[in-house]
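The structure appears right after this line, and notes come after that.
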Amino acid sequence: MDIRTKHSNEKPLLTIAVLSYNYAAYVLDTLNSICKQTYPYIEFFIVDDCSTDNSVQLIKKWIEENQVTVTFIVHGVNKGRNTAINTILEKSSGKYYE
(Lines give C-alpha, C1' and ligand atoms only; values in the text may rest on other atoms or scores of the structure.)
Protein backbone atom coordinates (compact mmCIF):
# COMPACT_ATOMS: atom_id res chain seq x y z
CA MET A 1 0.00 0.00 0.00
CA ASP A 2 1.64 3.16 -1.12
CA ILE A 3 -0.40 6.34 -1.24
CA ARG A 4 1.81 9.27 -2.06
CA THR A 5 0.92 12.84 -2.80
CA LYS A 6 1.60 13.60 -6.44
CA HIS A 7 0.74 16.56 -8.59
CA SER A 8 0.31 16.97 -12.30
CA ASN A 9 -0.70 19.90 -14.44
CA GLU A 10 -2.70 17.48 -16.59
CA LYS A 11 -4.84 15.83 -13.91
CA PRO A 12 -6.59 17.49 -10.98
CA LEU A 13 -5.49 16.97 -7.41
CA LEU A 14 -7.98 15.06 -5.25
CA THR A 15 -8.20 15.73 -1.53
CA ILE A 16 -9.13 12.65 0.50
CA ALA A 17 -10.21 13.36 4.06
CA VAL A 18 -10.94 11.07 6.98
CA LEU A 19 -12.67 12.48 10.05
CA SER A 20 -12.26 10.41 13.19
CA TYR A 21 -13.94 10.58 16.57
CA ASN A 22 -13.89 7.40 18.64
CA TYR A 23 -13.88 5.21 15.52
CA ALA A 24 -11.20 2.75 16.64
CA ALA A 25 -13.39 -0.16 15.56
CA TYR A 26 -13.64 1.15 11.99
CA VAL A 27 -10.74 3.45 11.24
CA LEU A 28 -8.26 0.82 10.02
CA ASP A 29 -10.75 -0.62 7.53
CA THR A 30 -11.38 2.90 6.27
CA LEU A 31 -7.68 3.70 5.87
CA ASN A 32 -6.93 0.38 4.18
CA SER A 33 -9.79 0.98 1.76
CA ILE A 34 -8.39 4.38 0.82
CA CYS A 35 -5.02 2.83 0.08
CA LYS A 36 -6.64 0.59 -2.52
CA GLN A 37 -7.65 3.52 -4.68
CA THR A 38 -5.69 3.92 -7.90
CA TYR A 39 -5.92 7.61 -8.73
CA PRO A 40 -2.36 8.86 -8.15
CA TYR A 41 -2.82 12.63 -7.74
CA ILE A 42 -4.01 12.97 -4.19
CA GLU A 43 -3.43 14.73 -0.93
CA PHE A 44 -4.53 12.83 2.14
CA PHE A 45 -5.74 14.27 5.45
CA ILE A 46 -6.86 12.65 8.67
CA VAL A 47 -8.39 14.76 11.44
CA ASP A 48 -9.05 13.21 14.82
CA ASP A 49 -11.45 15.31 16.87
CA CYS A 50 -10.16 14.48 20.38
CA SER A 51 -11.06 10.79 20.47
CA THR A 52 -11.19 9.21 23.90
CA ASP A 53 -10.62 5.67 22.60
CA ASN A 54 -7.38 4.44 21.01
CA SER A 55 -8.12 5.85 17.54
CA VAL A 56 -5.10 8.18 17.53
CA GLN A 57 -2.68 5.40 18.46
CA LEU A 58 -4.13 3.10 15.80
CA ILE A 59 -3.88 5.80 13.13
CA LYS A 60 -0.29 6.71 14.06
CA LYS A 61 0.72 3.04 13.96
CA TRP A 62 -1.04 2.54 10.61
CA ILE A 63 0.71 5.58 9.09
CA GLU A 64 4.09 4.36 10.29
CA GLU A 65 3.59 0.75 9.19
CA ASN A 66 2.26 1.70 5.75
CA GLN A 67 4.62 4.64 5.18
CA VAL A 68 1.79 6.76 3.89
CA THR A 69 2.17 10.44 3.11
CA VAL A 70 -0.64 12.03 5.07
CA THR A 71 -1.35 15.15 7.08
CA PHE A 72 -2.58 13.90 10.45
CA ILE A 73 -4.18 16.53 12.65
CA VAL A 74 -5.23 15.76 16.22
CA HIS A 75 -7.52 18.23 17.96
CA GLY A 76 -6.76 18.60 21.67
CA VAL A 77 -10.41 19.34 22.41
CA ASN A 78 -13.53 18.16 20.64
CA LYS A 79 -14.44 20.88 18.14
CA GLY A 80 -17.14 19.08 16.17
CA ARG A 81 -17.46 17.79 12.63
CA ASN A 82 -17.81 21.19 10.97
CA THR A 83 -14.56 22.48 12.47
CA ALA A 84 -12.77 19.29 11.41
CA ILE A 85 -14.03 19.76 7.85
CA ASN A 86 -13.03 23.43 7.88
CA THR A 87 -9.56 22.46 9.10
CA ILE A 88 -9.12 20.30 6.01
CA LEU A 89 -10.57 22.88 3.63
CA GLU A 90 -8.17 25.53 4.97
CA LYS A 91 -5.12 23.32 4.45
CA SER A 92 -6.01 21.49 1.26
CA SER A 93 -5.30 22.47 -2.31
CA GLY A 94 -7.23 19.79 -4.18
CA LYS A 95 -9.68 20.58 -6.93
CA TYR A 96 -12.01 17.81 -5.76
CA TYR A 97 -12.78 16.45 -2.29
CA GLU A 98 -13.74 13.01 -1.12
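FYI, nothing fancy with the C-alpha coordinates labels: chains A, B, ... in order, residues from 1 per chain, ligands from 1 as they appear.
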
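Every residue of chain A with a DSSP assignment of strand (DSSP E), taken from the backbone, is listed as Leu14, Thr15, Ile16, Ala17, Val18, Leu19, Ser20, Ile42, Glu43, Phe44, Phe45, Ile46, Val47, Asp48, Thr71, Phe72, Ile73, Val74, Tyr96 and Tyr97 of chain A.
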
Okay, now the selection with N, CA and C atoms, as a tab-separated table (two decimals), in the first residue's frame?
```
chain	number	residue	atom	x	y	z
A	14	LEU	N	-6.84	15.49	-6.05
A	14	LEU	CA	-7.98	15.06	-5.25
A	14	LEU	C	-7.59	15.09	-3.78
A	15	THR	N	-8.41	15.73	-2.97
A	15	THR	CA	-8.20	15.73	-1.53
A	15	THR	C	-9.06	14.62	-0.92
A	16	ILE	N	-8.41	13.70	-0.21
A	16	ILE	CA	-9.13	12.65	0.50
A	16	ILE	C	-9.03	12.98	1.99
A	17	ALA	N	-10.18	12.99	2.65
A	17	ALA	CA	-10.21	13.36	4.06
A	17	ALA	C	-10.91	12.29	4.88
A	18	VAL	N	-10.33	11.98	6.02
A	18	VAL	CA	-10.94	11.07	6.98
A	18	VAL	C	-11.13	11.84	8.28
A	19	LEU	N	-12.36	11.87	8.76
A	19	LEU	CA	-12.67	12.48	10.05
A	19	LEU	C	-12.84	11.35	11.05
A	20	SER	N	-12.20	11.48	12.20
A	20	SER	CA	-12.26	10.41	13.19
A	20	SER	C	-12.66	10.98	14.55
A	42	ILE	N	-3.19	12.73	-5.37
A	42	ILE	CA	-4.01	12.97	-4.19
A	42	ILE	C	-3.22	13.70	-3.10
A	43	GLU	N	-3.97	14.30	-2.21
A	43	GLU	CA	-3.43	14.73	-0.93
A	43	GLU	C	-4.37	14.12	0.10
A	44	PHE	N	-3.80	13.64	1.20
A	44	PHE	CA	-4.53	12.83	2.14
A	44	PHE	C	-4.46	13.48	3.52
A	45	PHE	N	-5.63	13.68	4.13
A	45	PHE	CA	-5.74	14.27	5.45
A	45	PHE	C	-6.53	13.35	6.37
A	46	ILE	N	-6.10	13.29	7.61
A	46	ILE	CA	-6.86	12.65	8.67
A	46	ILE	C	-6.96	13.66	9.80
A	47	VAL	N	-8.19	13.88	10.29
A	47	VAL	CA	-8.39	14.76	11.44
A	47	VAL	C	-9.08	13.94	12.53
A	48	ASP	N	-8.42	13.84	13.68
A	48	ASP	CA	-9.05	13.21	14.82
A	48	ASP	C	-9.53	14.31	15.75
A	71	THR	N	-1.34	14.12	6.06
A	71	THR	CA	-1.35	15.15	7.08
A	71	THR	C	-2.32	14.68	8.15
A	72	PHE	N	-1.77	14.40	9.34
A	72	PHE	CA	-2.58	13.90	10.45
A	72	PHE	C	-2.69	15.00	11.49
A	73	ILE	N	-3.91	15.44	11.72
A	73	ILE	CA	-4.18	16.53	12.65
A	73	ILE	C	-4.99	15.97	13.81
A	74	VAL	N	-4.53	16.23	15.03
A	74	VAL	CA	-5.23	15.76	16.22
A	74	VAL	C	-5.68	16.98	17.02
A	96	TYR	N	-10.87	18.61	-6.16
A	96	TYR	CA	-12.01	17.81	-5.76
A	96	TYR	C	-11.76	17.24	-4.37
A	97	TYR	N	-12.86	16.95	-3.67
A	97	TYR	CA	-12.78	16.45	-2.29
A	97	TYR	C	-13.58	15.17	-2.17
```

- Message: Set the distance at 8 Å and use only C-alpha atoms: which residues neighbour segment 50-61 of chain A once local chain neighbours fewer than 2 positions away are removed? I'd like the list as a ChimeraX atom specification.
- Response: /A:20-24,27-28,48,63-65,74-78

- DSSP says helix (DSSP H, G or I) for which residues of chain A? Put them as an MDAnalysis selection string? chainID A and resid 27:35 55:66 81:91

- Task: Can you work out the spacing between atom CA of Leu13 of chain A and atom CA of Gly80 of chain A in Å, to one decimal?
- Result: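 Going from atom CA of Leu13 of chain A over to atom CA of Gly80 of chain A, I get 26.4 Å.
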